[in-house]
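Take a look at the structure below.
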Amino acid sequence: MSRMPCHALVSCGLGFLAACSGVDSATDLHPEGPPMVRQVMLTERFFDGSQTLTRPVIAFGSHPDATPNEQHSTLTAVAANQRIRVVIDELLVGNELEEIQCTEQVDEDDFSRVPRGATPDDIARCAVVKDQLAQSCRGPNAVCLRASDGQPVGVLDEVDTAGRPYKDGIADTTRFIDGAAGVLCGDRSIPLNLARSYWQPSGNQQRPAIDDGFRGLLSLGPAVVLVPTGFLPTDEACTIVFGERTVDKSDLRPCAPAAGDLLAGCTPGDTSEVTFRTEPMQVLQQVPTRDAVGVSRTADLSVRANVAFGPDPLVESVPAATFVVSSPPELPQVLTLRPAQPLASTTRYEVSVRLRDSFGRGPSTPARLTFTTGN
Amino acid sequence: MLGSRLPPRLRAAALTLGVALLVLTRAPAVRGQSATSGAIAGVVRDAQTGEPLAGIPIELSSTSLLGKRAAFSDERGAYKFTGLPAGRYVVTFYYDTLVVRRSGVVVSVHRTTPVFADVDTDEAPGETIEIEGLAPAIDPTSTTQGLTIDGDFLRNLPTAGRTYDAELSAAPGAQRDALGEGFSGSTSLENEYNVDGVNTTGLAVGSVGSPVLNDFIQETEIVTGGYNAEYGRSTGAVVNVATKSGSNVLRGSAFGYLTPGALAGRATRTENQGLPIDTSGKIVYDASFGAELGGPIVPDRLFFFVGFAPRLITSETARLTKSQTDCRAVDPSTGRLAPRCDPRPLGEGGLADGVPDREPETQHLIYEDLDETRLRNTSRGYAAIGKLNFATSPGHQGQVSLLADRTATRAPGVFGLRSTGRDTATLALDGAAKWTSRLLRDALELEGVLGWHRVSFDSDALDDRLNSTPSQLLLGGHLADFAGFGDETELTARRCRDGGADDRYPLIANCPLDAGAYAIGGPGLLTHTREERRSARLGVVGRWRRWGSHEVKGGLDLEQNRRSSPRLFSGGASLLNLVGEVVSVNRFVQLAPPGGAGPYLDECRSPAGDGTGDVRTLRCAFLGDRAGDFGTAVDSETVNGSLYLRDSWRPIENLTFNVGVRYEEQRLRYAAQVQNQIDPLTDRRLGTNALTLTGQWAPRLGVLYDWTRVGRSKVYLHWGRFFESIPLDINDRSFGGEVVYQQNFSPARCDPPGAEPDPRIGGHDGVGCLAREKVGDLGEVLTGASGTLIAPGVKGQYLDELVGGVEYELSKDLTLGVALQIRRLGRVIEDVSTDGAETYIVANPGELSRREEEALQAQVARTEDPALRARLLHELELFRRIRSFDRPRRDYAALTLTAQHRLVRALFLQASYTYARTRGNYPGTYASDNAQVDPNNSSQYDLIELLANRDGPLPQDRPHALKLDAYYLFELGRHGVLAVGGRFRAVSGAPISALGAHPAYGANEAFLLPRGGLGRGAMDHNLSARVSLRRALGRGISVEVFADVFNVYDRQGPTTLDQTYAPALPNNNTTPISGGSYEDLIWLKASGSGARAGLEVDEAGVPYGAAVGNPNFRNTATRAAPVATQFGMRVVF
């Protein structure tokens, strides 16, 4: 990281020894100006020469310590199980990104926002046993107040480290605030898994040298981690957006400079520079394998795609055959074709399945299963 | 005295003649001086005209001097006596038959006391003018800052310790850390301690090496800044101790001190919120007694001084077991706990709700005391001194001395089995031989000193049989389980047990160990260290006149520092058993060099470190538990050398320029056992010297002006550079091939097949995992310093200092001063790792010169061997990354106001107020944040990610410090003298940080928020007092009794606070929030928190979630000792 100019630094005193003490650090963030997106990391699918695998990759911005595997020009973001890490160059106000879990329902659910200015001491004061709450959990920074009567219900604080409750005065569970940030693919706003999305204030642009417990570039921070509830639309251009209330400590909204270059600057709220394209819908596996012979006349056919199939997939067969088409609820990427009647013996079939994801997007060419039945 | 019965005029004439003879013949008066000495200088003027008087005979006498010295004033009226032992002197000036006598001139070591004389030549001939009162206290020739502690100070003020190091806190700018006294923004491991001119600084880490008994000391000088070129090897203070010497008169004393436990206050309990055991210490008695005696063997030729003082200390550790409670509720009307405690469940009308009770205000757990046991600790020791001073011919004098200090302690284990305690024995020996010659009518002085400092330190098990048993620390679990080992009382075992008839609180765990550990097995690290320093010093002082007066001093010194410290774990291993979760087996190992033969019969496995996740297997040998076993020996050595030259030039009598330069070198050797071996991890051939520091030039420039012209004022400015002397710890650890092999096991793998967990542990005994062939299923890793590289072009650690100030003697007994001191570390030597702790590099963090880089590139280009070329390229890349590390910074700026009312009649007062700031990212060679004591190879710069948030107010940043020492003497006529003295100290609290754990480095390594970002602790203050009565018994014998009361108002305020925010629990790894505020901590996430339910798994499959906190965060960790009383008695003859 480049060194910051001297005038931006805290201490330039004691000038008799040197012109400037220079207290900037390679681990500093950049709180001046709007918060800027430095990197967006996501999971891509790649072929390693023998099989298709996934790996994290920098999709926006760059990092000097990134290996070619971690940063390259062509990538396709996986549309399933995606997790998008948006690394910011300064701290955002966590209170506008996450809320904490209370011991019981406070409004429509049991999560409560934390007032800006609250400290861990305020949380601890509201994480006491019930009979002490009224005395301890009060004031402008009190949390987990029941909306109906303003009474504190207590912060959920029963973290278990060794087989028993351990009250440490820290909220056990936080949840991402709906709308604080999101993923936009085409014109669709992608629902987020609020329990799994989170704000990580730790980290800076230094890649931790020890991976044990950290994860290389995945420890860059601070970061907003966005986890879609389901699948992303396939073969679609996506971006990330931040809610109106998502700000830094100067109340400036995040934005994304071109290529994550801080010197390029950006307008608060403008994240349009962040773009990535999702992978097209494709078949990862099919049964029977292409041009298989001796296939049982009653056996199920199946196609496993990279994303969930949309409703009412179109299936055609030559020669004609009727299939009962279904997807297991736990495996929506798998389409099972069960012959309504036994197929003809020793006959070559070509069954085509039109690929459409849950957003109705898919390639123009259907997937084809070609096989020959047995006796 | 000569001529005392003669008529005045004749007497004066005789004295003049006598003095002249003294000057001309330089009678062989032995100077009973210590190896450190002071001087008297001044100018004789005509009181009428102000003109200097040349050729005036001047006589110097003192009981310290043993004999007399004499000189004539020169053509400018100036004179100087050097090489004077500390003490009180009488200076007599003879003008014709007029005698001017100045008494009460105090000489301190390394100070020049100004004694100016205005002789009224119109005075009646034959008259003797007595000038009473003290000579000026200001040294107008020296820019040094600090304090001198003399016998009066020790006699009339409360002395908490029996050795000199306990008194160092009196100096302005002194601040105590956990290991001693630090000065001027430095840590306590950066000082140099000289005893009789011999360096006795601890060899391993730079601590106090030889704690000399106060009763054997003539004077202690603490130089905290502005020191001249003859001093070096210190980035803290220089402490000079001058021991007592014999004289022509047989003198001595017998003394005794007693601190009875019965008069000590009750220690305020500091409840440990994470353990079911609290402890508090209490003195049973601290008794020391002894005698010292000095006198002539051959009058004026040979003197002796001897002393011997045993010390016996017995203390008790009260070990209190306690149970959490579940029987209380808050009274909603008051918000306070209702007095009722009903352990029945809520459903049965009681108040037990399954949640441990806590105080509403503090949220501290409410415990119920179970049982108390008292563990007795003993310390037995003695201090001894023997010293000879002699003169072989006029102007040629010598001194030899030997000091010994032995302490043996025995302390049972507290947080665990008593048998895990230790026997410790220390013996410090210091020998010194000094020779001084004055030549060319005192125009030339030569001084040579040979020194020898040796310390042996042994620490092992209380029961020697346990030296062959591995230690095992049990983390987690319950005290009731551990009661099975037999050291918990029956009551504790019964009441801690969950379930059963005696369980008062069945809905909660009664005695869990949430933090801390319970120790069983052997003592762990065994220590059998021998340290030795041999030193030689030669100094030459010459004086001449040219454009004023010059005093030029030059010299050299050499030190050979050696340390032998076997690398031993009791039983060859140390176990960390996170009960039910993981067992870590740690061993010292020696890796086999390429093709190495020998007993490398074991296998050590470790991640390949290339990001592939592969494991590499190396041949190695597990080290044994006896000194002498294969691979255990570590013999370290460093050789230091220095040269210096300085001129004190006085173009006019009240203006002094001190110009000097010092050159230092250090050669740090590899441990003897690895010299000229091939490092198995780096493939480098290790030579003899691991680190050679040359080119350490340290200039010193100072100027002083005395506007009163009579030594009652000075305004001064001094700039200097000071290099650190690297202690031997780095030779042992970084250059000694230390490798620790850690194997982590699932606990069940420690049991033989089919075996049940040990009920005494509540899980599996880690001892079962000691089998050599076992493979750790949860990972194995080699850590340590085999594989340490030295960055090319490493330069010495230094600081620059600017001091300035004004001192003015407002009246003859009151001196006021203002001093400014600014210090900045210029460069630091620390180990860094640029490849994830795979390789450590001893470097200057943040620095790698282009020239060195180009030289390496050229070497790579010249290399044809592909393997060697690849290795060099790899190293070059590692070295380049050093630049990305933050440069260490420690900036100290202080303003000190001082007032000193010297003892003339009854009052002595010494007061200082210091406003100081110490900021930066590097506290010093003692890392007090995580209590690591590894100078120059600490974890502070190991990993770049650990540098975040380190900049800020350092632990020694305590802006306000007020120090007041005063006593008053009441003359009681025939009843003697009553002295009442007091000592008051007040200092700002230390900055508070929020610390987290690193997965590889452990607790308190990550600054979660910017250093000191959570304010500071409360101001610490205390008052101690002494009352003493001295009475003469006749025949030169007097007796003195005294009583000290320490911490008079029994303020047991916090001395340290718990700064651990996220403790080192399994998988509670946290990283810094760069520039974060306390509010941001609410959202801190820890990784790998798999032990907790409901956590998510991130992109890499690692669990993450809210960090687990420390309920004790910011609570008191340690507090000041309670009020205590010490009685003493001394008979002086």
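For the structure tokens, the naming scheme is as follows: chains receive sequential letters (A, B, ...) according to their order of presentation, residues are indexed from 1 within each chain, and ligands are indexed from 1 in presentation order.
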
Exercise for the section: Quick one: everything within 12 Å of A:Gln51, counting only C-alpha atoms, minus sequence neighbours fewer than 4 positions away in the same chain. Send it as JSON, numbers by chain. Expected result: {"A": [45, 46, 47, 284, 285]}

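One distance worth recording is that between atom CA of B:Arg162 and atom CA of B:Glu219, which is 14.3 Å.
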
Exercise for the section: Kindly indicate which residue among A:Asp312, A:Asp251, A:Asp291, A:Asp48 lies nearest to A:Val351, using only C-alpha atoms for the distances. Expected result: A:Asp291

Practice task
Pick out the residues sitting within 9 Å of A:Val274, and hand them over as a ChimeraX atom specification; count only C-alpha atoms, and ignore anything fewer than 4 positions along from it in its own chain.
Solution key: /A:37,40,59-61,238-240,256-260

Exercise for the section: Find the spatial neighbours of A:Gln341, counting only C-alpha atoms, within a cut-off of 10 Å - ignore same-chain residues fewer than 3 positions away - and output them as a PyMOL selection string. Expected result: chain A and resi 297-298+321-324+338+344

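Backbone DSSP over stretch 442-621 of chain B yields helix (DSSP H, G or I) at Asp464, Arg465, Leu466, Asn467, Ser468, Leu479, Ala480, Asp481, Phe482, Ala483, Gly484, Phe485, Glu490, Leu491, Thr492, Ala493, Arg494, Arg495, Cys496, Ser570, Gly571 and Gly572 of chain B.
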
Keeping only C-alpha atoms, write the selected residues as a PDB file, in the first residue's frame.
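Produced file selection_24.pdb, reproduced below:
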```
ATOM      1  CA  ASP B 464      13.392 -33.831  42.040  1.00  0.00           C
ATOM      2  CA  ARG B 465      11.607 -36.930  40.846  1.00  0.00           C
ATOM      3  CA  LEU B 466       9.124 -34.713  39.010  1.00  0.00           C
ATOM      4  CA  ASN B 467      11.878 -33.308  36.818  1.00  0.00           C
ATOM      5  CA  SER B 468      11.336 -36.333  34.631  1.00  0.00           C
ATOM      6  CA  LEU B 479     -12.382 -28.112  39.838  1.00  0.00           C
ATOM      7  CA  ALA B 480     -14.407 -30.998  41.227  1.00  0.00           C
ATOM      8  CA  ASP B 481     -12.846 -33.282  38.651  1.00  0.00           C
ATOM      9  CA  PHE B 482      -9.347 -32.126  39.518  1.00  0.00           C
ATOM     10  CA  ALA B 483     -10.005 -32.762  43.197  1.00  0.00           C
ATOM     11  CA  GLY B 484      -9.310 -36.363  42.376  1.00  0.00           C
ATOM     12  CA  PHE B 485      -5.602 -35.589  42.335  1.00  0.00           C
ATOM     13  CA  GLU B 490     -12.619 -32.465  51.058  1.00  0.00           C
ATOM     14  CA  LEU B 491     -14.962 -29.508  51.459  1.00  0.00           C
ATOM     15  CA  THR B 492     -13.916 -28.023  48.136  1.00  0.00           C
ATOM     16  CA  ALA B 493     -14.308 -31.332  46.358  1.00  0.00           C
ATOM     17  CA  ARG B 494     -17.741 -31.928  47.866  1.00  0.00           C
ATOM     18  CA  ARG B 495     -19.128 -28.489  47.268  1.00  0.00           C
ATOM     19  CA  CYS B 496     -17.734 -28.135  43.746  1.00  0.00           C
ATOM     20  CA  SER B 570      10.588 -31.715  32.533  1.00  0.00           C
ATOM     21  CA  GLY B 571       9.896 -35.150  31.141  1.00  0.00           C
ATOM     22  CA  GLY B 572      10.915 -33.887  27.724  1.00  0.00           C
TER      23      GLY B 572
END
```

Exercise for the section: Give me the residues within 10 Å of A:Asn69 as JSON, numbers by chain, counting only C-alpha atoms and dropping any in the same chain fewer than 3 places off. Expected result: {"A": [46, 55, 56, 57, 58, 66, 72]}

Requested write-out: N, CA and C atoms of the selected residues, as a PDB file, in the first residue's frame:
```pdb
ATOM      1  N   PHE A  46     -14.176 -23.196 -12.231  1.00  0.00           N
ATOM      2  CA  PHE A  46     -13.094 -23.319 -13.200  1.00  0.00           C
ATOM      3  C   PHE A  46     -12.816 -24.796 -13.447  1.00  0.00           C
ATOM      4  N   ARG A  55     -13.527 -21.855  -6.651  1.00  0.00           N
ATOM      5  CA  ARG A  55     -12.500 -21.224  -5.828  1.00  0.00           C
ATOM      6  C   ARG A  55     -12.837 -19.734  -5.695  1.00  0.00           C
ATOM      7  N   PRO A  56     -12.358 -19.126  -4.606  1.00  0.00           N
ATOM      8  CA  PRO A  56     -12.567 -17.679  -4.466  1.00  0.00           C
ATOM      9  C   PRO A  56     -11.657 -16.914  -5.414  1.00  0.00           C
ATOM     10  N   VAL A  57     -12.148 -15.794  -5.892  1.00  0.00           N
ATOM     11  CA  VAL A  57     -11.377 -15.017  -6.852  1.00  0.00           C
ATOM     12  C   VAL A  57     -11.768 -13.551  -6.696  1.00  0.00           C
ATOM     13  N   ILE A  58     -10.819 -12.687  -7.016  1.00  0.00           N
ATOM     14  CA  ILE A  58     -11.118 -11.261  -6.992  1.00  0.00           C
ATOM     15  C   ILE A  58     -11.842 -10.914  -8.291  1.00  0.00           C
ATOM     16  N   ALA A  66      -2.130 -11.142  -4.664  1.00  0.00           N
ATOM     17  CA  ALA A  66      -2.994 -12.171  -5.251  1.00  0.00           C
ATOM     18  C   ALA A  66      -2.206 -12.997  -6.268  1.00  0.00           C
ATOM     19  N   HIS A  72      -7.727 -12.950 -12.055  1.00  0.00           N
ATOM     20  CA  HIS A  72      -7.507 -13.044 -13.496  1.00  0.00           C
ATOM     21  C   HIS A  72      -8.668 -12.397 -14.202  1.00  0.00           C
TER      22      HIS A  72
END
```

Practice task
Excluding B:Val355 and any residue of its chain fewer than 5 positions from it, enumerate the residues within 9 Å of it, using only C-alpha atoms, and give them as a list of chain:residue names.
Solution key: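 Once the adjacent positions are removed, what remains is A:Val129, A:Pro165, A:Lys167, B:Thr325, B:Asp326, B:Leu507, B:Ile508.
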
Could you write out the selected residues, including C-alpha atoms, as an mmCIF file, in the first residue's frame?
```cif
data_model
loop_
_atom_site.group_PDB
_atom_site.id
_atom_site.type_symbol
_atom_site.label_atom_id
_atom_site.label_comp_id
_atom_site.auth_asym_id
_atom_site.auth_seq_id
_atom_site.Cartn_x
_atom_site.Cartn_y
_atom_site.Cartn_z
ATOM 1 C CA VAL A 129 -30.106 -11.824 33.872
ATOM 2 C CA PRO A 165 -23.717 -21.276 29.180
ATOM 3 C CA LYS A 167 -22.221 -15.112 29.713
ATOM 4 C CA THR B 325 -24.043 -19.256 43.111
ATOM 5 C CA ASP B 326 -27.584 -19.434 41.848
ATOM 6 C CA LEU B 507 -28.886 -25.861 37.954
ATOM 7 C CA ILE B 508 -25.439 -24.410 37.316
#
```

Practice task
Extract the full set of strand (DSSP E) residues from stretch 97-327 of chain A according to DSSP on the backbone, and format it as an NGL selection string.
Solution key: :A and (98-101 or 111-112 or 174-176 or 181-185 or 188-190 or 198-200 or 223-226 or 237-242 or 276-277 or 283-287 or 292-295 or 301-305 or 315-318 or 323-326)

Expected file: the selected residues, N, CA and C atoms, as a compact mmCIF listing (two decimals), in the first residue's frame:
```
# COMPACT_ATOMS: atom_id res chain seq x y z
N GLU A 98 -25.98 -4.47 10.78
CA GLU A 98 -26.37 -5.68 11.52
C GLU A 98 -27.23 -5.30 12.71
N GLU A 99 -28.00 -6.26 13.16
CA GLU A 99 -28.75 -6.11 14.40
C GLU A 99 -28.48 -7.34 15.26
N ILE A 100 -28.82 -7.24 16.51
CA ILE A 100 -28.45 -8.32 17.43
C ILE A 100 -29.69 -9.06 17.90
N GLN A 101 -29.48 -10.29 18.28
CA GLN A 101 -30.60 -11.13 18.70
C GLN A 101 -30.89 -10.92 20.19
N PHE A 111 -34.98 -9.72 16.80
CA PHE A 111 -33.74 -8.98 16.53
C PHE A 111 -33.96 -7.48 16.76
N SER A 112 -32.94 -6.85 17.24
CA SER A 112 -33.05 -5.43 17.59
C SER A 112 -31.89 -4.66 17.01
N THR A 174 -25.75 -12.12 15.56
CA THR A 174 -26.14 -10.90 14.85
C THR A 174 -26.79 -11.31 13.53
N ARG A 175 -27.51 -10.37 12.97
CA ARG A 175 -28.19 -10.66 11.70
C ARG A 175 -28.05 -9.44 10.80
N PHE A 176 -27.84 -9.72 9.53
CA PHE A 176 -27.71 -8.63 8.58
C PHE A 176 -29.05 -7.91 8.42
N ALA A 181 -27.51 -3.77 2.27
CA ALA A 181 -26.71 -3.95 1.06
C ALA A 181 -27.36 -5.08 0.27
N GLY A 182 -27.06 -5.14 -0.99
CA GLY A 182 -27.71 -6.18 -1.79
C GLY A 182 -26.96 -6.46 -3.07
N VAL A 183 -27.48 -7.46 -3.75
CA VAL A 183 -26.94 -7.86 -5.05
C VAL A 183 -28.01 -7.60 -6.08
N LEU A 184 -27.62 -6.96 -7.15
CA LEU A 184 -28.55 -6.64 -8.23
C LEU A 184 -28.06 -7.35 -9.48
N CYS A 185 -28.90 -8.23 -10.03
CA CYS A 185 -28.55 -8.93 -11.28
C CYS A 185 -29.57 -8.55 -12.32
N ARG A 188 -33.01 -7.35 -11.30
CA ARG A 188 -33.57 -8.08 -10.17
C ARG A 188 -32.74 -7.86 -8.90
N SER A 189 -33.43 -7.64 -7.84
CA SER A 189 -32.76 -7.57 -6.54
C SER A 189 -32.76 -8.98 -5.96
N ILE A 190 -31.61 -9.46 -5.65
CA ILE A 190 -31.46 -10.84 -5.21
C ILE A 190 -31.68 -10.93 -3.69
N TYR A 198 -23.09 -10.84 6.58
CA TYR A 198 -22.59 -10.17 7.79
C TYR A 198 -21.64 -9.03 7.47
N TRP A 199 -21.36 -8.30 8.52
CA TRP A 199 -20.39 -7.18 8.47
C TRP A 199 -19.18 -7.58 9.31
N GLN A 200 -18.01 -7.56 8.70
CA GLN A 200 -16.78 -7.88 9.43
C GLN A 200 -15.92 -6.62 9.50
N ALA A 223 -15.16 -5.74 5.60
CA ALA A 223 -15.91 -6.30 4.47
C ALA A 223 -17.37 -6.53 4.82
N VAL A 224 -18.17 -6.33 3.80
CA VAL A 224 -19.57 -6.74 3.86
C VAL A 224 -19.67 -8.04 3.08
N VAL A 225 -20.16 -9.06 3.72
CA VAL A 225 -20.26 -10.36 3.06
C VAL A 225 -21.74 -10.62 2.77
N LEU A 226 -22.03 -10.80 1.48
CA LEU A 226 -23.42 -10.96 1.05
C LEU A 226 -23.63 -12.39 0.56
N ALA A 237 -25.43 -10.03 -15.88
CA ALA A 237 -24.53 -9.04 -15.29
C ALA A 237 -25.09 -8.60 -13.94
N CYS A 238 -24.25 -8.61 -12.95
CA CYS A 238 -24.68 -8.27 -11.59
C CYS A 238 -23.82 -7.15 -11.03
N THR A 239 -24.33 -6.53 -10.02
CA THR A 239 -23.57 -5.53 -9.27
C THR A 239 -23.99 -5.61 -7.81
N ILE A 240 -23.38 -4.79 -7.01
CA ILE A 240 -23.79 -4.73 -5.60
C ILE A 240 -24.27 -3.30 -5.30
N VAL A 241 -25.18 -3.22 -4.36
CA VAL A 241 -25.72 -1.91 -3.99
C VAL A 241 -25.75 -1.81 -2.47
N PHE A 242 -25.75 -0.59 -1.99
CA PHE A 242 -25.86 -0.35 -0.55
C PHE A 242 -27.12 0.46 -0.26
N PHE A 276 -20.04 -8.02 -12.39
CA PHE A 276 -19.51 -9.37 -12.63
C PHE A 276 -20.61 -10.15 -13.33
N ARG A 277 -20.23 -11.15 -14.02
CA ARG A 277 -21.20 -11.91 -14.79
C ARG A 277 -21.28 -13.31 -14.21
N VAL A 283 -25.17 -28.12 -17.79
CA VAL A 283 -25.30 -29.44 -17.17
C VAL A 283 -23.94 -29.88 -16.66
N LEU A 284 -23.93 -30.24 -15.41
CA LEU A 284 -22.68 -30.69 -14.81
C LEU A 284 -22.56 -32.21 -14.85
N GLN A 285 -23.73 -32.85 -14.84
CA GLN A 285 -23.70 -34.31 -14.80
C GLN A 285 -25.02 -34.83 -15.37
N GLN A 286 -24.95 -35.94 -16.06
CA GLN A 286 -26.20 -36.54 -16.54
C GLN A 286 -26.11 -38.04 -16.44
N VAL A 287 -27.32 -38.65 -16.24
CA VAL A 287 -27.43 -40.11 -16.15
C VAL A 287 -28.59 -40.54 -17.05
N ALA A 292 -24.78 -43.91 -23.85
CA ALA A 292 -24.70 -45.16 -23.10
C ALA A 292 -25.58 -46.21 -23.78
N VAL A 293 -25.22 -47.46 -23.66
CA VAL A 293 -26.01 -48.56 -24.24
C VAL A 293 -26.44 -49.49 -23.12
N GLY A 294 -27.52 -50.23 -23.41
CA GLY A 294 -27.99 -51.18 -22.43
C GLY A 294 -28.66 -50.53 -21.25
N VAL A 295 -29.19 -49.35 -21.44
CA VAL A 295 -29.82 -48.63 -20.34
C VAL A 295 -31.16 -49.28 -20.02
N LEU A 301 -33.89 -41.16 -15.57
CA LEU A 301 -32.86 -40.33 -16.17
C LEU A 301 -32.70 -39.11 -15.27
N SER A 302 -31.53 -38.55 -15.23
CA SER A 302 -31.37 -37.35 -14.41
C SER A 302 -30.35 -36.40 -15.02
N VAL A 303 -30.59 -35.16 -14.74
CA VAL A 303 -29.69 -34.11 -15.20
C VAL A 303 -29.38 -33.22 -13.99
N ARG A 304 -28.10 -33.01 -13.74
CA ARG A 304 -27.72 -32.09 -12.65
C ARG A 304 -27.09 -30.86 -13.25
N ALA A 305 -27.77 -29.74 -13.01
CA ALA A 305 -27.27 -28.47 -13.54
C ALA A 305 -26.52 -27.72 -12.46
N VAL A 315 -39.52 -31.04 -21.76
CA VAL A 315 -38.78 -32.27 -22.07
C VAL A 315 -39.37 -32.87 -23.35
N GLU A 316 -38.51 -33.15 -24.29
CA GLU A 316 -38.95 -33.77 -25.55
C GLU A 316 -38.10 -35.01 -25.80
N SER A 317 -38.72 -36.01 -26.42
CA SER A 317 -38.00 -37.25 -26.65
C SER A 317 -38.23 -37.76 -28.07
N VAL A 318 -37.17 -38.26 -28.64
CA VAL A 318 -37.25 -38.92 -29.96
C VAL A 318 -36.59 -40.29 -29.83
N PHE A 323 -42.32 -38.76 -19.80
CA PHE A 323 -41.54 -38.81 -18.55
C PHE A 323 -42.26 -38.02 -17.46
N VAL A 324 -42.18 -38.58 -16.29
CA VAL A 324 -42.64 -37.82 -15.11
C VAL A 324 -41.42 -37.02 -14.63
N VAL A 325 -41.53 -35.71 -14.67
CA VAL A 325 -40.39 -34.84 -14.37
C VAL A 325 -40.52 -34.28 -12.95
N SER A 326 -39.46 -34.38 -12.22
CA SER A 326 -39.50 -33.85 -10.84
C SER A 326 -38.09 -33.41 -10.39
```

Problem - Long-range neighbours of B:Glu847 as a count of residues only, 12 Å cut-off, only C-alpha atoms, 3 positions minimum in chain - result: 28

Handout entry: Of the listed residues B:Ala318, B:Val739, B:Ile222, B:Leu568, that which approaches B:Pro680 most closely, counting only C-alpha atoms
Key =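 For B:Pro680, the nearest of the given residues is B:Val739.
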
Completion exercise
Here atom CA of A:Pro31 and atom CA of B:Pro953 stand apart by 20.6 Å

Handout entry: Distance criterion (only C-alpha atoms): nearest to B:Phe984 out of B:Ser169, B:Gly641, B:Tyr257, B:Leu810
Key = B:Ser169
